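Visitor: Please read through the structure below; I'll follow up with questions.
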Amino acid sequence: MTAFIIHNMAPIMFAALVVLLLLGYPAAFALAANGLIFGFVGIELGLFNPNFLQALPERIYGTMNNEVLLAIPFFTFMGLVLERSGMAEDLLDTIGQLFGPVRGGLAYAVVFVGALLAATTGVVAASVISMGLISLPIMLRYGYDRRLASGVIAASGTLAQIIPPSLVLIVMADQLGRSVGDMYEGAFLPGLILSLLYAGYIWIASMISPNNAPGLPADAIGHREEGGDRGVWQVGALVAFSGLAAYYVMRQTEVRAGADFVVLTMSIAVIVAFLSALFNRLLGSQRIVLTLLITAALVGLYIVLKSTEHAYWALLTEAFIAGTVYALIAATIERSTGKRLISRLAEQVTFVMVPPLGLIFLVLGTIFIGVATPTEGGAMGAAGAVILAFARKRLNFGLLKQATESTAKLSAFVIFILIGARVFSLTFYGVDGHKWVEELLLALPGGEVGFLVFVNILIFILAFFLDYFELAFIIIPLLAPVADHLGIDLIWFGVMLAVNMQTSFMHPPFGFALFFLRSVAPKEAYIDRVTKKRTAPITTGQIYWGAVPFVFIQLIMVALIIFFPQMVMHYKHGAVQVDPQRVEDQLKGLAPPPGLGNDLPPPALNFK
């Protein structure tokens, strides 16, 4: 029996951890207790060196001293402040008005806003609860199918896990020993593509069953022009011009990687759209003359900057010039024809979109172009969220107190799990558990493909019982060495697993996104405040069934990442490329010429 335990200590230890977690013990304490108990058992059996335990304080201190993990409280605080600042409410209202008349328009708006909230808050709970409180009653009011409405809200909220600045990506990068900036850049495009897949499912569902996702009636649409026109084409014209201006400016830079280009293009487009709408609203009847003078001044500044070393400032000036030129064109057309090129809807969409998109550039843009580290970007994001809350007159002591307390709780939760994981991994490595896992996974048939298939199935099954923090701290350290041994890029591997782990929020019956939505969805029949009609509640079964199609979509995304790795691997385009042969030639050039003693053996050492 003793020989059996010694030979199978690693699998017994792992099985005991699974049992403790299934019994309901907190993950942090289950990890630490499991590690210490089996550490003492290993010492008694002569399998575990007690000197390993002397390294435990140093490993715990190293965890607490990890600057990368400092980004977690910053991004958490940012998300909680934004949740209470009213930004989500304004976004859902305005984007809902934009898409409203389209079949499934409210569902498209939820996906769109979910992606924006994900790129600004990074907190799943904040996104799901905000959209559940704001958009779910509206969707029920206008006859949306309850399963479709529930699934869209829950799935769109989970985008906060894969679209940067995601908290799980920070933990994933730390566990894999890779840069958080690279992890963010690699995950950005898959997150956007996943949003498009959600929108594609809504389109298919609305085509098959139009009554399940109706468009809003005409009397529910606001922001109209004087003649009754909604002014949607003006929104399209503004977006198209902004995109062209951004493309022209970005063509003059060295930025070619996918995520860098998307974020910086959005940032330049924000400047163009904001200046156009702002001048159109504020400058009044004299805006042609005033806009012309401002444009001329910017052109002069651009010429001065272009002739100096301030290249990036010159590019930024080009964006300002494009915005004033569009405002000038809009003012000229309105003066000559009486038709507005910037409608009320276009203005409203612009002013509502500027804060989140500006925050995206402040956080992600500075990280992607190398100006700030993820921790510094998180600090700027937290400061930006406080400024936005102040601008919306929502900033008060109560808001800051709630956000700070919630941030402290989540940060303590993460650090305790990480400390428990350190204790567990110390014992697991001490009994050669990592060798057992590596030999087991390397022995799988199919090589790299077999390993990826097995790992994804394993993560998908474990996600039914464990949340993403537990998966990241327990499973990832065991899989990463094997993936590295097989030559798999760890950033690509981490993004693929992050998308798979995203299903942990949607798995019935323990998906956290489903719990968050259940907490705000109506449990009993109620009287709608607008229609005054009795509205049926949403059952737990409807929420669960609504999540199932989106779980399959997330698995499709995992397959797309495997078959099209370039959507993640583009992060390498901006890396510095080193030619080993060129380095070797340069080192040879530093060697002293023959005859200066380099061909003589080194003198003998005298220790007397």
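Residue numbers start at 1 in each chain; chains themselves are named A, B, ... in the order of the structure tokens; ligands are numbered from 1 in the order shown.
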Would you list, as a VMD selection string, the residues of range 272-455 of chain A that end up in alpha helix (DSSP H) under DSSP run on this structure's backbone?

Guide: chain A and resid 272 to 282 287 to 306 311 to 337 344 to 360 366 to 368 374 to 391 397 to 430 433 to 442 447 to 455

Visitor: Hey, what's within 12 Å of range 359-367 of chain A if we count only C-alpha atoms and toss same-chain stuff fewer than 6 positions away? As a compact mmCIF listing (two decimals) with all heavy atoms, in the first residue's frame, please?

Guide:
# COMPACT_ATOMS: atom_id res chain seq x y z
N ALA A 71 -2.27 45.42 -11.37
CA ALA A 71 -3.25 45.92 -12.34
C ALA A 71 -4.66 45.45 -12.02
O ALA A 71 -5.63 46.11 -12.42
CB ALA A 71 -2.85 45.45 -13.75
N PHE A 74 -6.64 48.00 -9.94
CA PHE A 74 -6.87 49.20 -10.73
C PHE A 74 -8.03 49.01 -11.70
O PHE A 74 -8.95 49.83 -11.79
CB PHE A 74 -5.60 49.58 -11.51
CG PHE A 74 -4.55 50.27 -10.68
CD1 PHE A 74 -3.22 49.92 -10.79
CD2 PHE A 74 -4.91 51.26 -9.78
CE1 PHE A 74 -2.26 50.55 -10.02
CE2 PHE A 74 -3.95 51.90 -9.01
CZ PHE A 74 -2.61 51.54 -9.13
N PHE A 75 -7.99 47.91 -12.47
CA PHE A 75 -9.04 47.67 -13.46
C PHE A 75 -10.38 47.36 -12.78
O PHE A 75 -11.44 47.72 -13.30
CB PHE A 75 -8.64 46.53 -14.39
CG PHE A 75 -7.60 46.92 -15.40
CD1 PHE A 75 -6.42 46.20 -15.53
CD2 PHE A 75 -7.78 48.02 -16.22
CE1 PHE A 75 -5.47 46.56 -16.46
CE2 PHE A 75 -6.83 48.38 -17.15
CZ PHE A 75 -5.67 47.65 -17.27
N MET A 78 -11.77 50.69 -11.69
CA MET A 78 -12.24 51.41 -12.87
C MET A 78 -13.61 50.89 -13.31
O MET A 78 -14.54 51.67 -13.57
CB MET A 78 -11.24 51.25 -14.02
CG MET A 78 -11.64 51.94 -15.31
SD MET A 78 -10.45 51.66 -16.65
CE MET A 78 -10.82 49.96 -17.07
N GLY A 79 -13.77 49.58 -13.37
CA GLY A 79 -15.03 49.00 -13.81
C GLY A 79 -16.18 49.32 -12.87
O GLY A 79 -17.29 49.63 -13.31
N LEU A 82 -17.22 53.00 -13.24
CA LEU A 82 -17.95 53.22 -14.49
C LEU A 82 -19.35 52.63 -14.42
O LEU A 82 -20.30 53.18 -15.00
CB LEU A 82 -17.18 52.61 -15.67
CG LEU A 82 -15.91 53.34 -16.08
CD1 LEU A 82 -15.19 52.58 -17.19
CD2 LEU A 82 -16.22 54.75 -16.56
N MET A 87 -22.71 55.40 -17.45
CA MET A 87 -22.25 55.27 -18.83
C MET A 87 -22.98 54.15 -19.55
O MET A 87 -23.38 54.29 -20.71
CB MET A 87 -20.75 55.03 -18.86
CG MET A 87 -20.16 55.00 -20.27
SD MET A 87 -18.40 54.64 -20.29
CE MET A 87 -18.41 52.91 -19.83
N ALA A 115 -19.52 44.74 -25.76
CA ALA A 115 -18.12 44.81 -26.19
C ALA A 115 -17.47 46.09 -25.69
O ALA A 115 -16.30 46.09 -25.26
CB ALA A 115 -18.04 44.72 -27.71
N LEU A 116 -18.19 47.21 -25.76
CA LEU A 116 -17.64 48.48 -25.27
C LEU A 116 -17.40 48.45 -23.77
O LEU A 116 -16.36 48.89 -23.27
CB LEU A 116 -18.58 49.64 -25.62
CG LEU A 116 -18.47 50.22 -27.02
CD1 LEU A 116 -19.49 51.33 -27.21
CD2 LEU A 116 -17.07 50.75 -27.29
N LEU A 117 -18.36 47.92 -23.01
CA LEU A 117 -18.19 47.82 -21.57
C LEU A 117 -17.04 46.88 -21.22
O LEU A 117 -16.30 47.11 -20.26
CB LEU A 117 -19.48 47.34 -20.91
CG LEU A 117 -20.67 48.30 -20.94
CD1 LEU A 117 -21.88 47.66 -20.28
CD2 LEU A 117 -20.33 49.61 -20.23
N ALA A 118 -16.88 45.81 -22.01
CA ALA A 118 -15.79 44.88 -21.77
C ALA A 118 -14.44 45.56 -21.94
O ALA A 118 -13.49 45.31 -21.19
CB ALA A 118 -15.90 43.68 -22.71
N ALA A 119 -14.35 46.45 -22.96
CA ALA A 119 -13.09 47.13 -23.23
C ALA A 119 -12.83 48.29 -22.29
O ALA A 119 -11.75 48.89 -22.34
CB ALA A 119 -13.08 47.64 -24.67
N THR A 120 -13.80 48.62 -21.44
CA THR A 120 -13.59 49.71 -20.49
C THR A 120 -13.64 49.25 -19.05
O THR A 120 -12.91 49.77 -18.20
CB THR A 120 -14.65 50.82 -20.68
OG1 THR A 120 -15.96 50.23 -20.70
CG2 THR A 120 -14.43 51.56 -21.99
N THR A 121 -14.48 48.27 -18.74
CA THR A 121 -14.61 47.85 -17.34
C THR A 121 -13.78 46.61 -17.03
O THR A 121 -13.12 46.55 -16.00
CB THR A 121 -16.07 47.56 -16.99
OG1 THR A 121 -16.54 46.44 -17.77
CG2 THR A 121 -16.94 48.76 -17.29
N GLY A 122 -13.82 45.60 -17.91
CA GLY A 122 -13.08 44.37 -17.64
C GLY A 122 -13.67 43.51 -16.54
O GLY A 122 -13.04 42.57 -16.08
N ILE A 163 -12.04 40.32 -23.85
CA ILE A 163 -11.63 41.59 -24.43
C ILE A 163 -10.85 42.37 -23.38
O ILE A 163 -11.34 42.58 -22.28
CB ILE A 163 -12.85 42.41 -24.90
CG1 ILE A 163 -13.56 41.68 -26.04
CG2 ILE A 163 -12.43 43.80 -25.36
CD1 ILE A 163 -14.78 42.41 -26.58
N PRO A 164 -9.62 42.80 -23.67
CA PRO A 164 -8.85 43.58 -22.70
C PRO A 164 -9.61 44.84 -22.29
O PRO A 164 -10.36 45.40 -23.11
CB PRO A 164 -7.57 43.93 -23.47
CG PRO A 164 -7.50 42.91 -24.57
CD PRO A 164 -8.91 42.59 -24.93
N PRO A 165 -9.46 45.33 -21.05
CA PRO A 165 -8.52 44.87 -19.99
C PRO A 165 -9.12 43.81 -19.07
O PRO A 165 -9.58 44.13 -17.98
CB PRO A 165 -8.24 46.16 -19.22
CG PRO A 165 -9.53 46.92 -19.34
CD PRO A 165 -10.11 46.57 -20.68
N SER A 166 -9.13 42.59 -19.51
CA SER A 166 -9.72 41.49 -18.76
C SER A 166 -8.85 41.11 -17.56
O SER A 166 -7.62 41.05 -17.67
CB SER A 166 -9.88 40.28 -19.68
OG SER A 166 -10.07 39.11 -18.95
N SER A 179 4.19 38.45 -21.05
CA SER A 179 3.82 39.85 -20.89
C SER A 179 2.31 40.03 -20.94
O SER A 179 1.64 39.47 -21.81
CB SER A 179 4.49 40.69 -22.00
OG SER A 179 3.88 41.95 -22.12
N VAL A 180 1.77 40.84 -20.01
CA VAL A 180 0.35 41.14 -20.03
C VAL A 180 0.00 41.93 -21.29
O VAL A 180 -1.06 41.74 -21.90
CB VAL A 180 -0.06 41.93 -18.77
CG1 VAL A 180 -1.53 42.32 -18.83
CG2 VAL A 180 0.21 41.11 -17.53
N GLY A 181 0.90 42.84 -21.72
CA GLY A 181 0.66 43.61 -22.93
C GLY A 181 0.51 42.73 -24.15
O GLY A 181 -0.39 42.93 -24.98
N ASP A 182 1.38 41.71 -24.28
CA ASP A 182 1.26 40.77 -25.40
C ASP A 182 -0.02 39.96 -25.30
O ASP A 182 -0.67 39.68 -26.32
CB ASP A 182 2.46 39.82 -25.42
CG ASP A 182 3.75 40.52 -25.86
OD1 ASP A 182 3.65 41.63 -26.44
OD2 ASP A 182 4.84 39.97 -25.62
N MET A 183 -0.40 39.57 -24.09
CA MET A 183 -1.63 38.81 -23.91
C MET A 183 -2.84 39.66 -24.30
O MET A 183 -3.78 39.18 -24.96
CB MET A 183 -1.74 38.35 -22.46
CG MET A 183 -2.89 37.39 -22.18
SD MET A 183 -2.67 35.77 -22.96
CE MET A 183 -1.41 35.07 -21.90
N TYR A 184 -2.84 40.93 -23.91
CA TYR A 184 -3.93 41.84 -24.28
C TYR A 184 -4.00 41.99 -25.80
O TYR A 184 -5.08 41.94 -26.40
CB TYR A 184 -3.71 43.21 -23.64
CG TYR A 184 -4.22 43.32 -22.22
CD1 TYR A 184 -4.81 42.25 -21.57
CD2 TYR A 184 -4.11 44.52 -21.52
CE1 TYR A 184 -5.28 42.37 -20.28
CE2 TYR A 184 -4.58 44.65 -20.22
CZ TYR A 184 -5.16 43.57 -19.61
OH TYR A 184 -5.65 43.69 -18.33
N GLU A 185 -2.85 42.20 -26.41
CA GLU A 185 -2.84 42.42 -27.85
C GLU A 185 -3.29 41.18 -28.61
O GLU A 185 -4.01 41.26 -29.60
CB GLU A 185 -1.43 42.83 -28.29
CG GLU A 185 -1.37 43.46 -29.66
CD GLU A 185 -0.07 44.19 -29.92
OE1 GLU A 185 0.71 44.38 -28.97
OE2 GLU A 185 0.17 44.56 -31.08
N ALA A 187 -5.36 38.89 -27.54
CA ALA A 187 -6.76 38.55 -27.27
C ALA A 187 -7.73 39.56 -27.86
O ALA A 187 -8.94 39.29 -27.92
CB ALA A 187 -6.99 38.46 -25.76
N PHE A 188 -7.25 40.72 -28.30
CA PHE A 188 -8.16 41.79 -28.71
C PHE A 188 -9.00 41.40 -29.93
O PHE A 188 -10.23 41.51 -29.91
CB PHE A 188 -7.35 43.06 -29.01
CG PHE A 188 -8.20 44.28 -29.19
CD1 PHE A 188 -8.75 44.92 -28.11
CD2 PHE A 188 -8.47 44.78 -30.45
CE1 PHE A 188 -9.54 46.05 -28.25
CE2 PHE A 188 -9.25 45.91 -30.62
CZ PHE A 188 -9.79 46.54 -29.52
N VAL A 255 2.79 51.25 -37.43
CA VAL A 255 1.85 50.32 -36.81
C VAL A 255 1.15 49.51 -37.88
O VAL A 255 0.46 50.06 -38.73
CB VAL A 255 0.82 51.08 -35.95
CG1 VAL A 255 -0.20 50.10 -35.39
CG2 VAL A 255 1.52 51.83 -34.83
N ALA A 259 -4.33 44.44 -33.61
CA ALA A 259 -4.91 45.10 -32.45
C ALA A 259 -4.44 46.54 -32.33
O ALA A 259 -5.23 47.45 -32.03
CB ALA A 259 -4.56 44.33 -31.17
N ASP A 260 -3.14 46.80 -32.58
CA ASP A 260 -2.64 48.17 -32.54
C ASP A 260 -3.40 49.05 -33.52
O ASP A 260 -3.83 50.16 -33.19
CB ASP A 260 -1.15 48.19 -32.91
CG ASP A 260 -0.29 47.53 -31.85
OD1 ASP A 260 -0.87 46.96 -30.91
OD2 ASP A 260 0.93 47.59 -31.96
N PHE A 261 -3.57 48.55 -34.72
CA PHE A 261 -4.22 49.34 -35.77
C PHE A 261 -5.68 49.61 -35.41
O PHE A 261 -6.17 50.73 -35.58
CB PHE A 261 -4.14 48.59 -37.10
CG PHE A 261 -4.70 49.37 -38.26
CD1 PHE A 261 -3.93 50.33 -38.89
CD2 PHE A 261 -5.98 49.14 -38.71
CE1 PHE A 261 -4.44 51.05 -39.95
CE2 PHE A 261 -6.50 49.86 -39.77
CZ PHE A 261 -5.72 50.82 -40.40
N VAL A 262 -6.38 48.61 -34.89
CA VAL A 262 -7.80 48.80 -34.56
C VAL A 262 -7.97 49.84 -33.46
O VAL A 262 -8.78 50.76 -33.57
CB VAL A 262 -8.43 47.45 -34.12
CG1 VAL A 262 -9.82 47.67 -33.56
CG2 VAL A 262 -8.50 46.50 -35.30
N VAL A 263 -7.17 49.73 -32.39
CA VAL A 263 -7.32 50.65 -31.26
C VAL A 263 -6.95 52.07 -31.66
O VAL A 263 -7.67 53.03 -31.36
CB VAL A 263 -6.47 50.18 -30.07
CG1 VAL A 263 -6.45 51.23 -28.97
CG2 VAL A 263 -7.03 48.89 -29.51
N LEU A 264 -5.84 52.23 -32.37
CA LEU A 264 -5.43 53.58 -32.73
C LEU A 264 -6.34 54.17 -33.81
O LEU A 264 -6.57 55.38 -33.83
CB LEU A 264 -3.97 53.56 -33.22
CG LEU A 264 -2.96 53.21 -32.13
CD1 LEU A 264 -1.54 53.26 -32.67
CD2 LEU A 264 -3.07 54.13 -30.93
N THR A 265 -6.88 53.34 -34.68
CA THR A 265 -7.85 53.83 -35.66
C THR A 265 -9.10 54.34 -34.96
O THR A 265 -9.62 55.42 -35.29
CB THR A 265 -8.23 52.72 -36.65
OG1 THR A 265 -7.06 52.33 -37.38
CG2 THR A 265 -9.26 53.21 -37.65
N MET A 266 -9.59 53.58 -33.97
CA MET A 266 -10.75 54.03 -33.21
C MET A 266 -10.45 55.34 -32.49
O MET A 266 -11.31 56.24 -32.40
CB MET A 266 -11.18 52.97 -32.21
CG MET A 266 -11.85 51.76 -32.81
SD MET A 266 -12.69 50.71 -31.59
CE MET A 266 -11.42 50.46 -30.38
N SER A 267 -9.24 55.47 -31.98
CA SER A 267 -8.89 56.67 -31.23
C SER A 267 -8.88 57.90 -32.14
O SER A 267 -9.39 58.97 -31.78
CB SER A 267 -7.51 56.49 -30.58
OG SER A 267 -7.48 55.34 -29.77
N ILE A 268 -8.31 57.76 -33.34
CA ILE A 268 -8.30 58.88 -34.28
C ILE A 268 -9.72 59.18 -34.76
O ILE A 268 -10.11 60.35 -34.90
CB ILE A 268 -7.37 58.55 -35.47
CG1 ILE A 268 -5.92 58.44 -34.97
CG2 ILE A 268 -7.46 59.62 -36.55
CD1 ILE A 268 -4.95 57.93 -36.00
N ALA A 269 -10.51 58.14 -34.99
CA ALA A 269 -11.89 58.36 -35.41
C ALA A 269 -12.69 59.09 -34.34
O ALA A 269 -13.57 59.91 -34.65
CB ALA A 269 -12.55 57.02 -35.74
N VAL A 270 -12.38 58.83 -33.07
CA VAL A 270 -13.06 59.54 -31.98
C VAL A 270 -12.79 61.03 -32.08
O VAL A 270 -13.69 61.87 -31.92
CB VAL A 270 -12.59 58.99 -30.61
CG1 VAL A 270 -12.97 59.94 -29.49
CG2 VAL A 270 -13.22 57.64 -30.35
N ILE A 271 -11.54 61.41 -32.33
CA ILE A 271 -11.19 62.83 -32.44
C ILE A 271 -11.96 63.47 -33.59
O ILE A 271 -12.54 64.56 -33.45
CB ILE A 271 -9.67 62.98 -32.66
CG1 ILE A 271 -8.91 62.46 -31.44
CG2 ILE A 271 -9.31 64.44 -32.93
CD1 ILE A 271 -7.41 62.43 -31.62
N MET A 353 -20.49 57.98 -27.35
CA MET A 353 -19.42 57.03 -27.64
C MET A 353 -18.04 57.56 -27.26
O MET A 353 -17.11 56.78 -27.05
CB MET A 353 -19.43 56.70 -29.13
CG MET A 353 -20.63 55.92 -29.59
SD MET A 353 -20.52 54.19 -29.17
CE MET A 353 -19.25 53.68 -30.30
N THR A 373 2.90 50.52 -19.09
CA THR A 373 2.74 49.11 -18.73
C THR A 373 1.27 48.86 -18.38
O THR A 373 0.50 49.81 -18.15
CB THR A 373 3.62 48.76 -17.52
OG1 THR A 373 3.13 49.50 -16.38
CG2 THR A 373 5.07 49.14 -17.78
N PRO A 374 0.84 47.59 -18.33
CA PRO A 374 -0.56 47.33 -17.93
C PRO A 374 -0.92 47.91 -16.57
O PRO A 374 -2.04 48.39 -16.37
CB PRO A 374 -0.63 45.80 -17.94
CG PRO A 374 0.38 45.39 -18.95
CD PRO A 374 1.50 46.38 -18.80
N THR A 375 0.01 47.87 -15.62
CA THR A 375 -0.28 48.45 -14.31
C THR A 375 -0.48 49.96 -14.42
O THR A 375 -1.40 50.53 -13.83
CB THR A 375 0.87 48.13 -13.33
OG1 THR A 375 1.02 46.71 -13.25
CG2 THR A 375 0.57 48.68 -11.95
N GLU A 376 0.40 50.63 -15.18
CA GLU A 376 0.25 52.07 -15.38
C GLU A 376 -1.02 52.39 -16.17
O GLU A 376 -1.72 53.37 -15.88
CB GLU A 376 1.48 52.62 -16.10
CG GLU A 376 2.75 52.53 -15.28
CD GLU A 376 4.00 52.76 -16.11
OE1 GLU A 376 3.92 52.71 -17.36
OE2 GLU A 376 5.07 52.98 -15.52
N GLY A 377 -1.33 51.56 -17.17
CA GLY A 377 -2.57 51.75 -17.92
C GLY A 377 -3.79 51.59 -17.03
O GLY A 377 -4.77 52.34 -17.15
N GLY A 378 -3.75 50.62 -16.10
CA GLY A 378 -4.85 50.46 -15.16
C GLY A 378 -5.01 51.66 -14.25
O GLY A 378 -6.13 52.09 -13.94
N ALA A 379 -3.88 52.22 -13.81
CA ALA A 379 -3.94 53.42 -12.97
C ALA A 379 -4.56 54.59 -13.72
O ALA A 379 -5.40 55.33 -13.18
CB ALA A 379 -2.54 53.78 -12.48
N MET A 380 -4.16 54.77 -15.00
CA MET A 380 -4.76 55.84 -15.80
C MET A 380 -6.25 55.58 -16.03
O MET A 380 -7.06 56.51 -16.03
CB MET A 380 -4.03 55.96 -17.13
CG MET A 380 -2.64 56.54 -17.01
SD MET A 380 -1.92 56.97 -18.61
CE MET A 380 -1.78 55.35 -19.35
N GLY A 381 -6.61 54.32 -16.24
CA GLY A 381 -8.02 53.99 -16.43
C GLY A 381 -8.85 54.28 -15.19
O GLY A 381 -9.97 54.80 -15.28
N ALA A 382 -8.30 53.96 -14.01
CA ALA A 382 -9.02 54.26 -12.77
C ALA A 382 -9.20 55.76 -12.59
O ALA A 382 -10.29 56.23 -12.21
CB ALA A 382 -8.25 53.68 -11.57
N ALA A 383 -8.14 56.53 -12.89
CA ALA A 383 -8.25 57.99 -12.81
C ALA A 383 -9.26 58.52 -13.83
O ALA A 383 -10.07 59.41 -13.53
CB ALA A 383 -6.88 58.63 -13.03
N GLY A 384 -9.23 57.95 -15.05
CA GLY A 384 -10.19 58.37 -16.08
C GLY A 384 -11.62 58.06 -15.69
O GLY A 384 -12.53 58.86 -15.96
N ALA A 385 -11.85 56.92 -15.05
CA ALA A 385 -13.20 56.57 -14.62
C ALA A 385 -13.72 57.55 -13.57
O ALA A 385 -14.89 57.96 -13.59
CB ALA A 385 -13.22 55.14 -14.05
N VAL A 386 -12.84 57.96 -12.65
CA VAL A 386 -13.24 58.94 -11.63
C VAL A 386 -13.58 60.28 -12.29
O VAL A 386 -14.57 60.94 -11.93
CB VAL A 386 -12.11 59.12 -10.59
CG1 VAL A 386 -12.42 60.28 -9.65
CG2 VAL A 386 -11.93 57.84 -9.79
N ILE A 387 -12.79 60.68 -13.29
CA ILE A 387 -13.05 61.94 -14.00
C ILE A 387 -14.39 61.87 -14.74
O ILE A 387 -15.19 62.82 -14.72
CB ILE A 387 -11.90 62.25 -14.98
CG1 ILE A 387 -10.62 62.55 -14.19
CG2 ILE A 387 -12.25 63.42 -15.89
CD1 ILE A 387 -9.39 62.68 -15.06
N LEU A 388 -14.68 60.73 -15.38
CA LEU A 388 -15.96 60.58 -16.09
C LEU A 388 -17.13 60.62 -15.11
O LEU A 388 -18.17 61.25 -15.40
CB LEU A 388 -15.98 59.25 -16.86
CG LEU A 388 -15.15 59.19 -18.15
CD1 LEU A 388 -15.28 57.81 -18.78
CD2 LEU A 388 -15.60 60.25 -19.13

Visitor: So which one's closest to Leu345 in chain A, A:Gly143, A:Gly96, A:Gly35, A:Pro11? Using only C-alpha atoms, please.

Guide: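 With only C-alpha atoms as the atom set, the closest residue is A:Gly96.
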
Visitor: So that I can check the surroundings of range 296-298 of chain A, please list as a list in words every protein, DNA and RNA residue that reaches within 10 Å of it, counting only C-alpha atoms and ignoring chain neighbours fewer than 3 positions away.

Guide: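 Listing them by chain and then by number gives Leu290, Thr291, Leu292, Leu293, Leu301, Tyr302, Ile303, Val304, Ala314, Thr317, Glu318, Ala319, Phe320, Ile321, Ala322, Thr324 and Val325 of chain A.
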